[in-house]
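A quick write-up on the structure given underneath.
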Amino acid sequence: MATPMFTQTVSQACEAGFVPARRRVPITEVQHLTDGVVRLTFTDAYTAQHAKGAQFVNLFTPDPLHSAPRPFGVSEVNGDQVSVMFAVVGYGTEIFANLQAGDMVDMLGPLGRPFQVKADAHYILVGGGLGVPPLIKTAQDLAARDNVSCTAVFGYRDEHFADAFVDQYADELLSIDESQGNVVTLLDRLEPALSQDSREHIILTCGPLGMMKAVAAWARNRGIACQVSMEQRMGCGYGTCVVCTVDTKDGRKKVCSDGPVFRAEDMGWNE
Amino acid sequence: MATPMFTQTVSQACEAGFVPARRRVPITEVQHLTDGVVRLTFTDAYTAQHAKGAQFVNLFTPDPLHSAPRPFGVSEVNGDQVSVMFAVVGYGTEIFANLQAGDMVDMLGPLGRPFQVKADAHYILVGGGLGVPPLIKTAQDLAARDNVSCTAVFGYRDEHFADAFVDQYADELLSIDESQGNVVTLLDRLEPALSQDSREHIILTCGPLGMMKAVAAWARNRGIACQVSMEQRMGCGYGTCVVCTVDTKDGRKKVCSDGPVFRAEDMGWNE
Amino acid sequence: MTDMNPSHNDDMNLYAPHQWRHSTVVAGVPWKNPVGTASGTFQYAAVRYFYDVSQLGAVSTKGVSPVPWEGNPGVRTAESPAGTVNAVGLQNPGVDTYLVDELPKLKAAGATVVTNVAGHSDDEYAEVVAKLADCDADMLEINVSCPNVSAGGISVGTDPVALSRLITRLRKLTDKPMIVKLTPNVTDITLIARAAVESGADALSMINTLLGMRIDINTGEPIIEHVTGGLSGPAVFPVGLACVWRVRSVLPDVPIIGIGGIDSGEKALEYLYAGANAVEVGGAALLDPTAPIRVARELELLLDERPDLAHTLAKGGTWR
Amino acid sequence: MTDMNPSHNDDMNLYAPHQWRHSTVVAGVPWKNPVGTASGTFQYAAVRYFYDVSQLGAVSTKGVSPVPWEGNPGVRTAESPAGTVNAVGLQNPGVDTYLVDELPKLKAAGATVVTNVAGHSDDEYAEVVAKLADCDADMLEINVSCPNVSAGGISVGTDPVALSRLITRLRKLTDKPMIVKLTPNVTDITLIARAAVESGADALSMINTLLGMRIDINTGEPIIEHVTGGLSGPAVFPVGLACVWRVRSVLPDVPIIGIGGIDSGEKALEYLYAGANAVEVGGAALLDPTAPIRVARELELLLDERPDLAHTLAKGGTWR
Ligand SMILES: Cc1cc2nc3c(=O)[nH]c(=O)nc-3n(C[C@H](O)[C@H](O)[C@H](O)COP(=O)(O)OP(=O)(O)OC[C@H]3O[C@@H](n4cnc5c(N)ncnc54)[C@H](O)[C@@H]3O)c2cc1C
Ligand SMILES: Cc1cc2nc3c(=O)[nH]c(=O)nc-3n(C[C@H](O)[C@H](O)[C@H](O)COP(=O)(O)OP(=O)(O)OC[C@H]3O[C@@H](n4cnc5c(N)ncnc54)[C@H](O)[C@@H]3O)c2cc1C
Ligand SMILES: Cc1cc2nc3c(=O)[nH]c(=O)nc-3n(C[C@H](O)[C@H](O)[C@H](O)COP(=O)(O)O)c2cc1C
Ligand SMILES: Cc1cc2nc3c(=O)[nH]c(=O)nc-3n(C[C@H](O)[C@H](O)[C@H](O)COP(=O)(O)O)c2cc1C
Ligand code: FES
Ligand code: FES
């Protein structure tokens with residue numbers, strides 16, 4: 001975009017009662033975890049204050065040849081620091097992975113509807129691969145509330161790159177990599193303990209579509225409520241373009257604003 | 001452009017008997033002279049070794065929204081350091097003016113046909129505004145040759161930003177700014193001395209079209225040979241696209257490769 | 001976009017209520033500034049959180065059809081150099097829901113509303129226009145690029161005869177100012193423009209998207225499930241500009257809204273110099289929700305320095 | 001493009017003589033690799049200093065007319081987002097000079113030559129083709145986007161009837177493999193493609209440039225003196241890709257050369273997946289003289305990892 005003469009600021013937006021739009025924020029840390037997985041942290045007080053588990057932010061590359069928004073789940077918040085965690089899979093993630101502390105990046109958010117959490121329940125956070133980051137934030141949210149607890153059930157391709165991050169927040173962590181099995185294997189292992197636990201159990205899951213469908217079926221067969229966080233290619237990320245739709249029982253819904261979180265039973269997967 | 005996997009190098013080209021193509025070179029200095037005039041110096045041994053007065057280089061911005069080549073006359077060469085001098089007039093010059101020592105810039109060159117110089121002649125380098133830079137290099141070339149001498153006649157809008165640079169090379173310097181007159185005023189002042197000097201006089205001029213036409217007429221009326229360095233919007237700068245044409249007596253000619261230097265009488269201006 | 005200098009003086013604040021200095025008129029309808037939003041890139045329910053919609057010259061809403069349309073399945077978007085390819089397939093809740101949900105809220109918010117109309121047959125276009133005839137939309141914008149069964153599947157906007165038949169019919173259903181929105185995917189857009197104006201269009205808006213696609217080189221398959229989609233964004237800017245220039249040269253008086261690749265006041269200004277009365281900002285809003293407002297404020301500063309152009313627009317005229 | 005690591009191993013050296021691993025065939029003519037240059041962006045007299053032209057799959061030369069053409073006056077180019085607009089006006093020295101100056105040198109240099117043909121009337125096209133009939137050009141590429149007086153000033157390439165008449169006539173004058181180069185500025189490119197093939201074209205190349213323009217906001221006037229010109233570069237890439245895909249879907253067997261916005265091996269590969277036999281690199285060469293060779297070497301590495309596609313091309317087939 002041509003250099004805009006106007007750079008709206010977060011404070012100007014908030015003072016006028018609006019949500020802050022796209023803004024340029026400073027990057028404070030870029031950690032290269034394992035095989036192509038990067039944890040990037042930037043400063044944005046607004047996102048830090050408002051983001052809930054499964055909400056995401058758009059990051060924008062500075063390259064006009066790759067101007068589309070790239071959505072990443074908010075993975076962790078510390079003070080006014082916001083972290084996302086992504087795998088390098090294409091042009092944008094390649095560019096973001098090469099950024100350094102002190103660089104600036106354009107972002108928008110927090111976006112989307114988070115997981116719905118309520119008191120007096122035990123949450124099972126079932127994450128697969130790069131579906132894991134939003135579940136870390138969810139665990140962080142739950143840890144800050146009383147009378148809720150959660151078990152993290154993470155499946156990886158190989159490196160358990162997120163265990164250390166979620167471990168600080170989850171009451172219990174089970175994780176597995178493809179060579180040993182998948183998250184459903186872990187859920188089966190958990191089942192005995194669950195059935196003895198009188199509290200309501202709710203599964204919150206995010207990851208590859210196949211995994212989420214299996215987890216939803218597992219939950220349905222046991223009468224356990226399940227929310228899924230969906231992915232779809234996006235145009236705006238804030239609900240104005242109707243590009244990001246997925247099929248649900250109730251027609252085509254926008255992942256970015258009707259979701260990304262949907263109730264599993266609304267997806268119409270159980271035909 | 002997508003990040004090319006292949007980055008041809010100058011040495012590879014030369015070893016294979018070819019001219020080096022577009023290459024990324026380090027910037028060593030960016031001097032902000034007066035009102036929007038910038039002198040940028042970069043390292044390129046090939047250009048430093050081959051460039052002659054009135055030849056130019058293409059500089060390229062890193063911004064795909066402004067990918068067209070920007071031609072600038074080679075203004076001065078010191079060792080492997082090449083300097084260009086430009087006014088900030090649009091997107092590209094704006095971007096270049098904000099570069100700093102240590103940054104890289106893509107360039108191609110040296111390009112075009114230089115002023116034709118021969119022994120036993122006194123050259124009058126008549127420059128106007130940002131037509132001045134190529135004449136500094138020309139003066140530098142002449143200073144390095146015996147039995148040639150030159151007088152620099154520079155016209156500015158206001159600040160005499162190039163006098164100090166050409167003064168080191170020219171045998172004599174007259175300069176003026178718009179408030180006092182123009183280069184033709186100075187040529188008239190020079191005329192008496194010229195008529196007493198038995199050597200052949202040759203005028204080499206570069207600047208706004210109107211000024212060059214006036215200088216060419218002045219020279220023609222006095223039987224003095226005159227070469228002009230033309231400007232036209234370019235597509236490639238190396239003679240392959242036929243975008244950069246100007247009308248001459250002999251049809252439409254390419255400024256980048258038939259020129260930029262033309263004999264004044266070939267321009268067909270004297271109708 | 002940096003949060004470095006939270007300057008609060010009004011002229012740099014996109015959010016502060018603003019007295020616009022340069023208005024325009026499109027087919028008799030006053031716009032408080034020459035910048036509107038382009039259909040399909042503006043939904044009030046999403047945008048209301050980001051800026052005051054009444055600040056825009058106008059808002060063109062998502063195309064409405066007689067009944068809800070599902071749109072295309074699967075992936076609907078692919079990135080392209082300085083642009084984006086989209087194949088939404090005109091998913092919308094239908095005109096009835098629009099009349100209850102979106103329009104009233106937009107008018108309550110003080111917006112100048114252009115209701116964009118979609119249809120897959122002449123009957124469908126007519127059904128929608130009939131329902132909009134006495135609503136309080138300020139203008140109608142007929143999207144004649146929809147695939148049209150009455151025109152053998154191709155869009156009415158590519159055939160002067162089919163277009164004249166449709167616009168003549170729609171003209172009888174409403175005396176609301178009617179804009180016909182042209183597609184660039186034609187051999188000679190001036191023939192289409194003439195057919196629209198001669199059959200009753202009060203104004204023209206151009207351009208809609210160019211036909212494009214992308215392929216994923218890891219699978220060899222199209223990225224968009226519908227295979228092809230509409231290309232928009234800065235990449236199409238020179239194409240939209242040439243369409244406005246050529247139509248203006250052939251039709252000196254018809255009001256024209258310039259659309260295509262506008263993401264700055266400078267690009268909006270180029271359309272005004274090409275002969276447009278006003279412009280619409282589309283895809284830029286997908287990259288930054290406040291883009292339309294920013295473009296309007298940037299254009300205002302440029303028009304401050306061009307009083308002759310500004311005065312011409314205010315009187316409903318055009319630069320050429 | 002950095003001069004930091006002057007590695008001299010062959011596979012990273014664009015200049016070293018290279019044994020190409022993946023060839024293709026276009027209308028029976030073997031190309032040593034699938035990448036050629038696009039007409040108007042390659043002149044031997046300029047390019048010979050930058051790389052060995054025999055390394056390319058083919059070179060399509062500047063359009064030649066019966067007699068020298070002056071081209072358009074004044075400024076002929078304007079920058080656009082991820083692209084450029086040009087209005088050269090087909091300036092060229094004429095077919096006679098071409099046959100003496102450029103062609104012999106190209107053949108001597110070992111290039112596979114595609115001679116691009118221009119004309120402002122059917123007679124002019126015919127005159128040029130007749131003169132080229134027995135020259136040693138490997139293929140002819142008819143640029144049917146030239147403004148054509150016999151077709152009322154519009155180009156033959158926009159009207160299937162006029163095109164059939166022209167190609168039928170040219171077909172009788174030569175049995176050299178004849179490529180018809182299509183313009184995207186039409187309502188339905190598949191109708192034009194069919195007309196070209198049914199009247200004798202051996203192959204199709206697409207796309208030529210899109211109609212575009214820019215305006216200088218300081219003067220309010222067009223930057224290009226001819227006002228409009230042809231838009232090319234990465235901006236048009238998705239448009240060219242969709243044209244190849246749609247024509248391939250309608251004409252499964254005609255050889256197609258994909259052109260438009262190619263500046264990398266990856267983009268060339270997308271055209272091959274869309275059904276092209278080969279590609280041509282145009283404007284990218286204006287930004288870097290060695291771009292065509294770079295694209296060919298990048299594509300070669302990508303084809304190494306796609307043996308099924310590579311084998312299909314080598315046998316003269318296409319992915320779809
Ligand atoms: C709500 C949401 C949350 C996400 N959270 C994470 C996360 O926490 N960590 C993580 O690694 N990834 C996450 N993703 C996927 C992530 O957005 C893509 O990996 C990323 O956009 C790829 O961009 P790229 O430029 O590297 O790929 P490219 O192929 O160059 O991208 C081209 C375009 O396609 C889009 N795209 C490509 N793949 C996807 C995809 N799988 N989903 C959505 N858009 C895609 C890109 O955003 C871009 O607009 C999330 C996606 C969604 C929708
Ligand atoms: C052979 C030659 C030598 C030159 N030497 C000098 C020099 O030493 N110092 C200097 O200040 N200027 C010089 N110029 C002019 C310089 O190239 C333009 O000022 C510069 O290209 C403007 O680029 P921009 O991106 O700032 O302007 P923009 O308006 O953003 O440029 C848009 C496009 O138009 C082209 N363009 C704009 N103005 C001109 C122009 N006057 N001539 C050619 N192309 C133009 C640009 O290169 C670019 O491709 C020279 C021009 C030529 C042809
Ligand atoms: C996601 C998306 C959806 C669109 N939907 C419509 C539509 O429903 N009706 C319509 O007339 N144009 C529609 N358009 C076209 C835009 O209104 C506009 O004409 C086009 O995008 C060019 O402008 P731009 O480059 O500023 O985006 C849509 C464009 C996009 C990107
Ligand atoms: C400066 C210039 C001159 C051109 N001249 C011709 C021409 O003479 N004949 C022709 O058929 N196409 C001509 N073209 C069109 C190109 O061959 C090509 O079809 C078009 O530019 C799209 O490819 P690109 O995006 O790779 O440039 C020209 C293009 C440019 C940029
Ligand atoms: S991405 Fe635009 S509505 Fe969801
Ligand atoms: S700029 Fe291409 S030939 Fe001169």
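Residue numbers start at 1 in each chain; chains themselves are named A, B, ... in the order of the structure tokens; ligands are numbered from 1 in the order shown.
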Residues within 10 Å of ligand 5 should be enumerated using only C-alpha atoms and all ligand atoms and returned as number ranges by chain. A: 69, 71, 111-112, 232-245, 253-260; C: 40-43, 46, 76-77, 286-287
Would you name the residues within 7 Å of ligand 4, counting only C-alpha atoms and all ligand atoms, and put them as a count of residues only? 34
Residues within 10 Å of Ala310 (chain D), please, as a ChimeraX atom specification. Count only C-alpha atoms; anything in the same chain fewer than 4 positions from it doesn't count. /D:21-24,34,272,300,302-306,314-315,317-319
Based on the selection just made, write N, CA and C atoms of those residues as a tab-separated table (two decimals), in the first residue's frame.
chain	number	residue	atom	x	y	z
D	21	ARG	N	17.88	-30.57	-18.68
D	21	ARG	CA	17.39	-31.91	-18.34
D	21	ARG	C	15.94	-32.13	-18.74
D	22	HIS	N	15.20	-31.03	-19.00
D	22	HIS	CA	13.77	-31.21	-19.28
D	22	HIS	C	13.37	-30.37	-20.49
D	23	SER	N	13.15	-31.04	-21.60
D	23	SER	CA	12.78	-30.33	-22.82
D	23	SER	C	11.26	-30.38	-23.00
D	24	THR	N	10.80	-29.69	-24.02
D	24	THR	CA	9.38	-29.74	-24.37
D	24	THR	C	9.27	-29.66	-25.89
D	34	PRO	N	11.46	-25.46	-21.41
D	34	PRO	CA	10.13	-24.90	-21.71
D	34	PRO	C	10.04	-23.38	-21.64
D	272	LEU	N	2.41	-24.54	-16.48
D	272	LEU	CA	2.48	-25.93	-16.98
D	272	LEU	C	1.35	-26.76	-16.36
D	300	GLU	N	13.78	-25.84	-14.06
D	300	GLU	CA	14.45	-27.15	-14.21
D	300	GLU	C	14.54	-27.87	-12.86
D	302	LEU	N	12.60	-27.45	-10.31
D	302	LEU	CA	11.24	-27.85	-9.88
D	302	LEU	C	10.78	-29.08	-10.67
D	303	LEU	N	11.16	-29.16	-11.97
D	303	LEU	CA	10.76	-30.31	-12.79
D	303	LEU	C	11.54	-31.57	-12.39
D	304	ASP	N	12.78	-31.35	-11.85
D	304	ASP	CA	13.53	-32.51	-11.35
D	304	ASP	C	12.68	-33.27	-10.33
D	305	GLU	N	11.89	-32.51	-9.52
D	305	GLU	CA	11.09	-33.12	-8.45
D	305	GLU	C	9.71	-33.55	-8.94
D	306	ARG	N	9.46	-33.37	-10.24
D	306	ARG	CA	8.12	-33.70	-10.79
D	306	ARG	C	8.29	-34.52	-12.08
D	314	ALA	N	8.17	-33.69	-22.23
D	314	ALA	CA	9.22	-34.13	-23.16
D	314	ALA	C	8.59	-34.87	-24.35
D	315	LYS	N	7.48	-35.54	-24.10
D	315	LYS	CA	6.81	-36.30	-25.18
D	315	LYS	C	5.83	-35.41	-25.96
D	317	GLY	N	3.37	-33.76	-24.63
D	317	GLY	CA	2.05	-33.72	-23.98
D	317	GLY	C	1.95	-32.56	-22.99
D	318	THR	N	0.81	-32.51	-22.29
D	318	THR	CA	0.62	-31.48	-21.27
D	318	THR	C	-0.05	-32.09	-20.05
D	319	TRP	N	0.08	-31.43	-18.89
D	319	TRP	CA	-0.46	-31.92	-17.63
D	319	TRP	C	-1.96	-32.11	-17.72
With a distance threshold of 8 Å and counting only C-alpha atoms, extract the residues of chain B near chain A and express them as a ChimeraX atom specification. /B:63-65
Residues within 9 Å of Arg263 (chain B), only C-alpha atoms, excluding chain neighbours under 6 positions, as a PDB file with N, CA, C and O atoms, in the first residue's frame:
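Writing done, so here's out-v4.pdb:
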ATOM      1  N   ALA B 225      30.917  22.508 -32.059  1.00  0.00           N
ATOM      2  CA  ALA B 225      30.298  21.174 -31.969  1.00  0.00           C
ATOM      3  C   ALA B 225      29.624  21.040 -30.613  1.00  0.00           C
ATOM      4  O   ALA B 225      30.110  21.583 -29.612  1.00  0.00           O
ATOM      5  N   CYS B 226      28.497  20.345 -30.609  1.00  0.00           N
ATOM      6  CA  CYS B 226      27.735  20.201 -29.348  1.00  0.00           C
ATOM      7  C   CYS B 226      27.127  18.818 -29.252  1.00  0.00           C
ATOM      8  O   CYS B 226      26.503  18.340 -30.207  1.00  0.00           O
ATOM      9  N   GLN B 227      27.351  18.167 -28.112  1.00  0.00           N
ATOM     10  CA  GLN B 227      26.705  16.884 -27.829  1.00  0.00           C
ATOM     11  C   GLN B 227      25.735  17.065 -26.665  1.00  0.00           C
ATOM     12  O   GLN B 227      26.056  17.754 -25.692  1.00  0.00           O
ATOM     13  N   VAL B 228      24.559  16.443 -26.791  1.00  0.00           N
ATOM     14  CA  VAL B 228      23.530  16.579 -25.748  1.00  0.00           C
ATOM     15  C   VAL B 228      23.265  15.212 -25.121  1.00  0.00           C
ATOM     16  O   VAL B 228      23.353  14.174 -25.803  1.00  0.00           O
ATOM     17  N   SER B 229      22.960  15.193 -23.819  1.00  0.00           N
ATOM     18  CA  SER B 229      22.615  13.931 -23.151  1.00  0.00           C
ATOM     19  C   SER B 229      21.129  13.979 -22.794  1.00  0.00           C
ATOM     20  O   SER B 229      20.705  14.775 -21.942  1.00  0.00           O
TER      21      SER B 229
END
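Taking CA of Val59 (chain D) as the reference point, CA of Ala111 (chain D) is found at 6.9 Å.
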Could you please select, counting only C-alpha atoms, the residues of chain D within 10 Å of chain A and state them as a PyMOL selection string? chain D and resi 81-82+234-235
Quick check for you: according to DSSP on this backbone, which residues of region 5-248 of chain B are classed as strand (DSSP E or B)? Reply as a VMD selection string. chain B and resid 23 to 32 37 to 43 56 to 60 70 to 73 76 to 78 81 to 87 104 to 111 113 121 to 128 148 to 156 172 to 177 200 to 206 225 to 229 245 to 248
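Within 8 Å of region 103-107 of chain C, once only C-alpha atoms are used and residues closer than 4 positions along the same chain are dropped, the contacting residues are Tyr44, Val53, Tyr98, Leu99, Ala111, Thr112, Val113, Asp136 and Ala137 of chain C.
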Give me, as a VMD selection string, the set of residues whose atoms come within 7 Å of any atom of ligand 1, counting only C-alpha atoms and all ligand atoms. (chain A and resid 56 68 to 75 84 to 94 130 to 134 230 to 234 255 to 256 260) or (chain C and resid 78 to 79)
Generate a file of the selected residues that holds C-alpha atoms, formatted as a PDB file, in the first residue's frame.
ATOM      1  CA  PHE A  56      -6.412 -15.083  16.544  1.00  0.00           C
ATOM      2  CA  ALA A  68      -3.085 -11.150   2.247  1.00  0.00           C
ATOM      3  CA  PRO A  69      -3.598 -11.479   6.028  1.00  0.00           C
ATOM      4  CA  ARG A  70      -2.026 -14.494   7.778  1.00  0.00           C
ATOM      5  CA  PRO A  71      -4.113 -15.644  10.816  1.00  0.00           C
ATOM      6  CA  PHE A  72      -2.353 -17.095  13.899  1.00  0.00           C
ATOM      7  CA  GLY A  73      -3.951 -18.138  17.161  1.00  0.00           C
ATOM      8  CA  VAL A  74      -2.944 -16.067  20.202  1.00  0.00           C
ATOM      9  CA  SER A  75      -0.752 -18.580  22.020  1.00  0.00           C
ATOM     10  CA  VAL A  84       2.060 -16.634  18.390  1.00  0.00           C
ATOM     11  CA  MET A  85       3.566 -19.928  17.322  1.00  0.00           C
ATOM     12  CA  PHE A  86       3.698 -21.100  13.715  1.00  0.00           C
ATOM     13  CA  ALA A  87       5.280 -23.574  11.309  1.00  0.00           C
ATOM     14  CA  VAL A  88       7.068 -22.245   8.234  1.00  0.00           C
ATOM     15  CA  VAL A  89       4.828 -23.511   5.412  1.00  0.00           C
ATOM     16  CA  GLY A  90       4.721 -20.728   2.791  1.00  0.00           C
ATOM     17  CA  TYR A  91       5.734 -17.166   1.835  1.00  0.00           C
ATOM     18  CA  GLY A  92       4.302 -15.357   4.851  1.00  0.00           C
ATOM     19  CA  THR A  93       5.527 -17.702   7.579  1.00  0.00           C
ATOM     20  CA  GLU A  94       8.908 -17.701   5.815  1.00  0.00           C
ATOM     21  CA  LEU A 130       0.069 -26.278  14.900  1.00  0.00           C
ATOM     22  CA  GLY A 131      -3.471 -26.414  16.307  1.00  0.00           C
ATOM     23  CA  VAL A 132      -1.757 -26.391  19.711  1.00  0.00           C
ATOM     24  CA  PRO A 133      -0.942 -22.671  20.145  1.00  0.00           C
ATOM     25  CA  PRO A 134      -4.546 -21.454  20.780  1.00  0.00           C
ATOM     26  CA  MET A 230     -11.708 -24.374  12.493  1.00  0.00           C
ATOM     27  CA  GLU A 231      -9.317 -23.150   9.807  1.00  0.00           C
ATOM     28  CA  GLN A 232     -10.099 -21.676   6.379  1.00  0.00           C
ATOM     29  CA  ARG A 233      -8.286 -19.355   3.975  1.00  0.00           C
ATOM     30  CA  MET A 234      -9.317 -15.783   4.842  1.00  0.00           C
ATOM     31  CA  VAL A 255     -14.628 -19.120  10.291  1.00  0.00           C
ATOM     32  CA  CYS A 256     -13.238 -15.674  11.156  1.00  0.00           C
ATOM     33  CA  PRO A 260     -13.265 -20.030  14.542  1.00  0.00           C
TER      34      PRO A 260
ATOM     35  CA  ALA C  78      -5.977 -17.070  -3.372  1.00  0.00           C
ATOM     36  CA  GLU C  79      -3.267 -14.458  -3.089  1.00  0.00           C
TER      37      GLU C  79
END
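With the cut-off set to 7 Å and only C-alpha atoms counted, chain D residues close to chain C are Ser80, Pro81, Ala82, Thr158, Asn185, Val186, Thr187, Leu211, Gly212, Met213, Arg214, Ile215, Ile217, Gly220, Thr228, Pro234, Ala235, Pro238, Val239, Leu241, Ala242, Leu269, Glu270 and Tyr273 of chain D.
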Using only C-alpha atoms, the shortest atom-to-atom distance to Ala285 (chain C) among C:Pro307, C:Arg297, C:Ser264, C:Lys131 belongs to C:Ser264
Secondary structure check, helix (DSSP H, G or I) residues of region 180-311 of chain C, as a PyMOL selection string: chain C and resi 189-198+234-250+265-273+284-287+291-304+307-311
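A straight line drawn from CA of Asp123 (chain C) to CA of Arg165 (chain C) is 11.5 Å long.
For Leu186 (chain A), the set of protein, DNA and RNA residues having any atom at most 10 Å away, when counting only C-alpha atoms and skipping those fewer than 4 positions along the same chain, is Val126, Val153, Phe154, Gly155, Leu174, Ser175, Ile176, Gly181, Asn182, Leu190 and Glu191 of chain A.
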Which residues, written as a ChimeraX atom specification, have at least one atom at most 12 Å from Glu15 (chain B), with only C-alpha atoms counted and residues fewer than 2 positions away on the same chain left out? /B:8-13,17-20 /D:6,8,13-16,51
Just write the chosen residues, C-alpha atoms, as a compact mmCIF listing (two decimals), in the first residue's frame.
# COMPACT_ATOMS: atom_id res chain seq x y z
CA GLN B 8 24.48 -14.54 -10.97
CA THR B 9 27.68 -12.78 -9.96
CA VAL B 10 29.85 -10.24 -11.73
CA SER B 11 32.83 -12.57 -11.81
CA GLN B 12 30.76 -15.45 -13.25
CA ALA B 13 29.52 -13.13 -16.01
CA GLY B 17 32.62 -13.19 -21.47
CA PHE B 18 29.35 -11.48 -20.63
CA VAL B 19 28.39 -8.11 -19.16
CA PRO B 20 27.22 -8.36 -15.54
CA PRO D 6 31.02 -15.99 -6.16
CA HIS D 8 31.61 -21.21 -9.29
CA ASN D 13 26.20 -20.51 -12.53
CA LEU D 14 23.72 -19.05 -15.03
CA TYR D 15 26.49 -18.45 -17.54
CA ALA D 16 28.20 -21.82 -17.72
CA TYR D 51 23.76 -14.34 -21.81
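Between CA of Glu265 (chain B) and atom 13 (C, counted along the ligand's line) of ligand 2 there is a distance of 23.1 Å.
With distances taken over only C-alpha atoms and all ligand atoms, B:Arg113 is the one residue among B:Gly268, B:Pro208, B:Gly129, B:Arg113 lying closest to ligand 6.
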